[in-house]
Amino acid sequence: MTNLPHVSSNIRQARETLGLKLREIRLDAGLSGKELAKQAGWQASKVSKIELGKQTPTDSDIRLWVKLADASDKERDLIAELRSLESKYMEWKRRLHAGVKNRQEEIRQLESQVTRIRAFQCSVIPGLLQIPPYIRERFKQSVKTWGAPDDIEEGIRARLRRQDVLYVADTHIVMTEAALRYGTAPKEILIEQLDRLSVATSLPRLKLGIIPLRASYPVTPLHGFHILEDHTVLVETLAAELTLMQPSEIELYVKVFDALAEIALYGQSARRIITKAIADLSAEG
């Protein structure tokens, strides 16, 4: 392993798989692409684009496709597969249209249904360990960058409610030392946040690992991710959040997490890294 997978590759693969199934249905019906397009009233190129995974069909496209191919018995499964594809990729602008509080409540519902959480962060303090002033900085960025409604204070309270899961679920968080030092908040807030992080290393159901700056990485940490039990992975990118649920996807992210966790330091060693970061920040002019 040298890199995490490109965040769009799973979406493209799912679209190509759906296109292949539609192609097989067309061929089983003895229809050429041109014949199907003509009967559907589409441009001839639309059929090939869908079958090659270059265009995502709509519900109505699938219903018409199987009707013309006399395969309406397959409609339900294909529509369900399309729903799964659509749910994987949600642009932040759409995800946050109801505000940051709503999204925090959605994640809290997901987390409350599991007994094991694994999370990795390479650039920020993980949400489950953030203090209110640090959360405020994160949400201010969300409002500015993605145009989310300004419900920051409600969002802070919602994120703090999420943190109750630390006392009921087995939680393993791995983060980079760089995340302790990046200027993701004013110095005073960051020092307070790191104090909280040091205390969190003693929580009984939390295993907190920190990867030293000069550690030799077995995999390049391109983005953070959140593994819920063994059935869902949430991946945050600049543009969108991915929800991955295919077994092969879960297996890959678990493999990556385990590799990163193996080079992290825990307990007193982790606290020494945090204490050094605090000292360096405090010594800055």
# chains A, B, ... in the order shown; residues from 1 in each chain; ligands from 1
$ select_by_dssp --residues "region 172-202 of chain A" --states "alpha helix (DSSP H)" --output "list in words"
Glu177, Ala178, Ala179, Leu180, Arg181, Lys187, Glu188, Ile189, Leu190, Ile191, Glu192, Gln193, Leu194, Asp195, Arg196, Leu197, Ser198, Val199 and Ala200 of chain A
$ select_by_dssp --residues "region 55-226 of chain A" --states "strand (DSSP E)" --output "ChimeraX atom specification"
/A:89-91,116-121,170-176,206-211,225-226
$ write_last_selection --atoms "N, CA and C atoms" --output "PDB file, in the first residue's frame"
ATOM      1  N   TYR A  89     -22.326   9.519  -2.478  1.00  0.00           N
ATOM      2  CA  TYR A  89     -21.670  10.801  -2.711  1.00  0.00           C
ATOM      3  C   TYR A  89     -22.661  11.917  -2.434  1.00  0.00           C
ATOM      4  N   MET A  90     -22.356  12.713  -1.440  1.00  0.00           N
ATOM      5  CA  MET A  90     -23.243  13.823  -1.100  1.00  0.00           C
ATOM      6  C   MET A  90     -22.416  15.088  -0.994  1.00  0.00           C
ATOM      7  N   GLU A  91     -22.632  16.011  -1.909  1.00  0.00           N
ATOM      8  CA  GLU A  91     -21.889  17.259  -1.864  1.00  0.00           C
ATOM      9  C   GLU A  91     -22.145  17.966  -0.540  1.00  0.00           C
ATOM     10  N   ARG A 116     -18.552  -0.217  18.094  1.00  0.00           N
ATOM     11  CA  ARG A 116     -17.138  -0.036  17.793  1.00  0.00           C
ATOM     12  C   ARG A 116     -16.970   1.059  16.746  1.00  0.00           C
ATOM     13  N   ILE A 117     -16.077   1.990  17.047  1.00  0.00           N
ATOM     14  CA  ILE A 117     -15.775   3.092  16.134  1.00  0.00           C
ATOM     15  C   ILE A 117     -14.268   3.187  15.962  1.00  0.00           C
ATOM     16  N   ARG A 118     -13.838   3.318  14.708  1.00  0.00           N
ATOM     17  CA  ARG A 118     -12.435   3.577  14.411  1.00  0.00           C
ATOM     18  C   ARG A 118     -12.357   4.830  13.543  1.00  0.00           C
ATOM     19  N   ALA A 119     -11.460   5.744  13.884  1.00  0.00           N
ATOM     20  CA  ALA A 119     -11.376   6.993  13.134  1.00  0.00           C
ATOM     21  C   ALA A 119      -9.927   7.400  12.952  1.00  0.00           C
ATOM     22  N   PHE A 120      -9.655   8.011  11.795  1.00  0.00           N
ATOM     23  CA  PHE A 120      -8.320   8.536  11.517  1.00  0.00           C
ATOM     24  C   PHE A 120      -8.452   9.971  11.057  1.00  0.00           C
ATOM     25  N   GLN A 121      -7.563  10.840  11.574  1.00  0.00           N
ATOM     26  CA  GLN A 121      -7.519  12.225  11.127  1.00  0.00           C
ATOM     27  C   GLN A 121      -6.075  12.639  10.913  1.00  0.00           C
ATOM     28  N   ASP A 170     -16.605   1.148  22.118  1.00  0.00           N
ATOM     29  CA  ASP A 170     -15.156   0.999  22.050  1.00  0.00           C
ATOM     30  C   ASP A 170     -14.655   1.838  20.877  1.00  0.00           C
ATOM     31  N   THR A 171     -13.877   2.859  21.198  1.00  0.00           N
ATOM     32  CA  THR A 171     -13.465   3.830  20.191  1.00  0.00           C
ATOM     33  C   THR A 171     -11.945   3.869  20.071  1.00  0.00           C
ATOM     34  N   HIS A 172     -11.458   3.723  18.865  1.00  0.00           N
ATOM     35  CA  HIS A 172     -10.018   3.753  18.582  1.00  0.00           C
ATOM     36  C   HIS A 172      -9.784   4.893  17.599  1.00  0.00           C
ATOM     37  N   ILE A 173      -9.092   5.928  18.039  1.00  0.00           N
ATOM     38  CA  ILE A 173      -8.808   7.092  17.201  1.00  0.00           C
ATOM     39  C   ILE A 173      -7.309   7.203  16.976  1.00  0.00           C
ATOM     40  N   VAL A 174      -6.939   7.386  15.731  1.00  0.00           N
ATOM     41  CA  VAL A 174      -5.541   7.597  15.376  1.00  0.00           C
ATOM     42  C   VAL A 174      -5.447   8.946  14.659  1.00  0.00           C
ATOM     43  N   MET A 175      -4.460   9.737  15.038  1.00  0.00           N
ATOM     44  CA  MET A 175      -4.269  11.030  14.397  1.00  0.00           C
ATOM     45  C   MET A 175      -2.780  11.294  14.236  1.00  0.00           C
ATOM     46  N   THR A 176      -2.442  12.232  13.385  1.00  0.00           N
ATOM     47  CA  THR A 176      -1.044  12.573  13.173  1.00  0.00           C
ATOM     48  C   THR A 176      -0.612  13.659  14.150  1.00  0.00           C
ATOM     49  N   LEU A 206     -11.625   4.601  25.321  1.00  0.00           N
ATOM     50  CA  LEU A 206     -10.974   5.254  24.185  1.00  0.00           C
ATOM     51  C   LEU A 206      -9.521   4.818  24.077  1.00  0.00           C
ATOM     52  N   LYS A 207      -9.132   4.421  22.876  1.00  0.00           N
ATOM     53  CA  LYS A 207      -7.736   4.138  22.573  1.00  0.00           C
ATOM     54  C   LYS A 207      -7.274   5.224  21.604  1.00  0.00           C
ATOM     55  N   LEU A 208      -6.414   6.108  22.077  1.00  0.00           N
ATOM     56  CA  LEU A 208      -5.991   7.260  21.283  1.00  0.00           C
ATOM     57  C   LEU A 208      -4.522   7.118  20.901  1.00  0.00           C
ATOM     58  N   GLY A 209      -4.259   7.065  19.619  1.00  0.00           N
ATOM     59  CA  GLY A 209      -2.903   6.935  19.121  1.00  0.00           C
ATOM     60  C   GLY A 209      -2.479   8.154  18.328  1.00  0.00           C
ATOM     61  N   ILE A 210      -1.229   8.550  18.473  1.00  0.00           N
ATOM     62  CA  ILE A 210      -0.687   9.690  17.732  1.00  0.00           C
ATOM     63  C   ILE A 210       0.537   9.221  16.952  1.00  0.00           C
ATOM     64  N   ILE A 211       0.558   9.526  15.664  1.00  0.00           N
ATOM     65  CA  ILE A 211       1.677   9.136  14.806  1.00  0.00           C
ATOM     66  C   ILE A 211       2.713  10.257  14.818  1.00  0.00           C
ATOM     67  N   PHE A 225     -11.027   9.511   7.838  1.00  0.00           N
ATOM     68  CA  PHE A 225     -12.181   8.629   7.626  1.00  0.00           C
ATOM     69  C   PHE A 225     -12.648   8.066   8.965  1.00  0.00           C
ATOM     70  N   HIS A 226     -13.861   7.557   8.949  1.00  0.00           N
ATOM     71  CA  HIS A 226     -14.580   7.135  10.148  1.00  0.00           C
ATOM     72  C   HIS A 226     -15.193   5.769   9.863  1.00  0.00           C
TER      73      HIS A 226
END
$ closest_residue --among "A:Glu137, A:Asp230, A:Asp195, A:Glu105" --to "Arg271 (chain A)" --atoms "only C-alpha atoms"
A:Asp195
$ residues_around --residues "Glu154 (chain A)" --least-positions-apart "4" --cutoff "9 Å" --atoms "only C-alpha atoms" --output "list in words"
Val100, Lys101, Ala158 and Arg159 of chain A
$ residues_around --residues "Leu82 (chain A)" --least-positions-apart "4" --cutoff "10 Å" --atoms "only C-alpha atoms" --output "list of chain:residue names"
A:Ala14, A:Arg15, A:Leu18, A:Thr56, A:Pro57, A:Thr58, A:Asp59, A:Ile62, A:Arg76, A:Asp77, A:Leu78, A:Glu86, A:Ser87
$ write_last_selection --atoms "N, CA, C and O atoms" --output "compact mmCIF listing (two decimals), in the first residue's frame"
# COMPACT_ATOMS: atom_id res chain seq x y z
N ALA A 14 -19.01 1.71 -9.02
CA ALA A 14 -20.42 1.37 -8.81
C ALA A 14 -21.26 1.75 -10.01
O ALA A 14 -22.17 1.02 -10.42
N ARG A 15 -20.94 2.90 -10.62
CA ARG A 15 -21.69 3.34 -11.81
C ARG A 15 -21.42 2.40 -12.98
O ARG A 15 -22.33 2.07 -13.75
N LEU A 18 -23.40 -0.85 -12.50
CA LEU A 18 -24.80 -0.67 -12.85
C LEU A 18 -24.97 -0.63 -14.36
O LEU A 18 -25.89 -1.26 -14.92
N THR A 56 -24.84 8.63 -15.11
CA THR A 56 -25.70 7.93 -14.15
C THR A 56 -27.14 8.01 -14.61
O THR A 56 -27.67 9.10 -14.84
N PRO A 57 -27.82 6.87 -14.78
CA PRO A 57 -29.22 6.90 -15.20
C PRO A 57 -30.13 7.42 -14.09
O PRO A 57 -29.78 7.36 -12.91
N THR A 58 -31.28 7.92 -14.47
CA THR A 58 -32.28 8.33 -13.50
C THR A 58 -33.22 7.16 -13.22
O THR A 58 -33.17 6.13 -13.91
N ASP A 59 -34.10 7.33 -12.24
CA ASP A 59 -35.12 6.32 -11.98
C ASP A 59 -35.93 6.03 -13.24
O ASP A 59 -36.18 4.87 -13.60
N ILE A 62 -34.14 3.95 -15.91
CA ILE A 62 -34.10 2.52 -15.61
C ILE A 62 -35.45 1.87 -15.86
O ILE A 62 -35.54 0.78 -16.44
N ARG A 76 -36.88 -3.35 -9.60
CA ARG A 76 -36.73 -3.04 -8.18
C ARG A 76 -35.27 -3.10 -7.74
O ARG A 76 -34.78 -2.20 -7.05
N ASP A 77 -34.56 -4.16 -8.13
CA ASP A 77 -33.16 -4.31 -7.72
C ASP A 77 -32.28 -3.23 -8.33
O ASP A 77 -31.36 -2.72 -7.67
N LEU A 78 -32.55 -2.88 -9.58
CA LEU A 78 -31.74 -1.86 -10.24
C LEU A 78 -31.96 -0.48 -9.63
O LEU A 78 -31.01 0.30 -9.45
N GLU A 86 -26.33 6.75 -5.38
CA GLU A 86 -26.59 8.16 -5.09
C GLU A 86 -26.24 8.52 -3.65
O GLU A 86 -25.80 9.63 -3.36
N SER A 87 -26.46 7.57 -2.73
CA SER A 87 -26.23 7.86 -1.31
C SER A 87 -24.75 7.90 -0.97
O SER A 87 -24.35 8.44 0.06
$ residues_around --residues "Ala179 (chain A)" --least-positions-apart "2" --cutoff "9 Å" --atoms "only C-alpha atoms" --output "list of chain:residue names"
A:Gln121, A:Cys122, A:Ser123, A:Val124, A:Ile125, A:Met175, A:Thr176, A:Glu177, A:Arg181, A:Tyr182, A:Gly183, A:Thr184
$ write_last_selection --atoms "N, CA, C and O atoms" --output "PDB file, in the first residue's frame"
ATOM      1  N   GLN A 121      -7.563  10.840  11.574  1.00  0.00           N
ATOM      2  CA  GLN A 121      -7.519  12.225  11.127  1.00  0.00           C
ATOM      3  C   GLN A 121      -6.075  12.639  10.913  1.00  0.00           C
ATOM      4  O   GLN A 121      -5.205  12.335  11.728  1.00  0.00           O
ATOM      5  N   CYS A 122      -5.833  13.326   9.792  1.00  0.00           N
ATOM      6  CA  CYS A 122      -4.467  13.738   9.480  1.00  0.00           C
ATOM      7  C   CYS A 122      -4.240  15.233   9.615  1.00  0.00           C
ATOM      8  O   CYS A 122      -3.092  15.674   9.642  1.00  0.00           O
ATOM      9  N   SER A 123      -5.310  16.046   9.702  1.00  0.00           N
ATOM     10  CA  SER A 123      -5.103  17.491   9.691  1.00  0.00           C
ATOM     11  C   SER A 123      -5.830  18.266  10.781  1.00  0.00           C
ATOM     12  O   SER A 123      -5.502  19.423  11.020  1.00  0.00           O
ATOM     13  N   VAL A 124      -6.814  17.659  11.432  1.00  0.00           N
ATOM     14  CA  VAL A 124      -7.546  18.355  12.493  1.00  0.00           C
ATOM     15  C   VAL A 124      -7.727  17.422  13.688  1.00  0.00           C
ATOM     16  O   VAL A 124      -7.570  16.205  13.571  1.00  0.00           O
ATOM     17  N   ILE A 125      -8.067  18.000  14.831  1.00  0.00           N
ATOM     18  CA  ILE A 125      -8.428  17.198  15.990  1.00  0.00           C
ATOM     19  C   ILE A 125      -9.760  16.518  15.680  1.00  0.00           C
ATOM     20  O   ILE A 125     -10.700  17.168  15.210  1.00  0.00           O
ATOM     21  N   MET A 175      -4.460   9.737  15.038  1.00  0.00           N
ATOM     22  CA  MET A 175      -4.269  11.030  14.397  1.00  0.00           C
ATOM     23  C   MET A 175      -2.780  11.294  14.236  1.00  0.00           C
ATOM     24  O   MET A 175      -1.946  10.636  14.856  1.00  0.00           O
ATOM     25  N   THR A 176      -2.442  12.232  13.385  1.00  0.00           N
ATOM     26  CA  THR A 176      -1.044  12.573  13.173  1.00  0.00           C
ATOM     27  C   THR A 176      -0.612  13.659  14.150  1.00  0.00           C
ATOM     28  O   THR A 176      -1.423  14.468  14.614  1.00  0.00           O
ATOM     29  N   GLU A 177       0.671  13.686  14.444  1.00  0.00           N
ATOM     30  CA  GLU A 177       1.201  14.769  15.278  1.00  0.00           C
ATOM     31  C   GLU A 177       1.011  16.113  14.583  1.00  0.00           C
ATOM     32  O   GLU A 177       0.819  17.146  15.242  1.00  0.00           O
ATOM     33  N   ARG A 181      -0.441  20.489  15.531  1.00  0.00           N
ATOM     34  CA  ARG A 181       0.365  21.686  15.327  1.00  0.00           C
ATOM     35  C   ARG A 181      -0.145  22.611  14.228  1.00  0.00           C
ATOM     36  O   ARG A 181       0.253  23.773  14.164  1.00  0.00           O
ATOM     37  N   TYR A 182      -0.982  22.099  13.329  1.00  0.00           N
ATOM     38  CA  TYR A 182      -1.509  22.956  12.270  1.00  0.00           C
ATOM     39  C   TYR A 182      -2.267  24.143  12.863  1.00  0.00           C
ATOM     40  O   TYR A 182      -2.924  24.023  13.914  1.00  0.00           O
ATOM     41  N   GLY A 183      -2.251  25.260  12.162  1.00  0.00           N
ATOM     42  CA  GLY A 183      -2.955  26.447  12.643  1.00  0.00           C
ATOM     43  C   GLY A 183      -4.438  26.409  12.340  1.00  0.00           C
ATOM     44  O   GLY A 183      -4.990  27.311  11.692  1.00  0.00           O
ATOM     45  N   THR A 184      -5.105  25.387  12.826  1.00  0.00           N
ATOM     46  CA  THR A 184      -6.538  25.232  12.577  1.00  0.00           C
ATOM     47  C   THR A 184      -7.386  26.029  13.557  1.00  0.00           C
ATOM     48  O   THR A 184      -8.612  26.029  13.468  1.00  0.00           O
TER      49      THR A 184
END
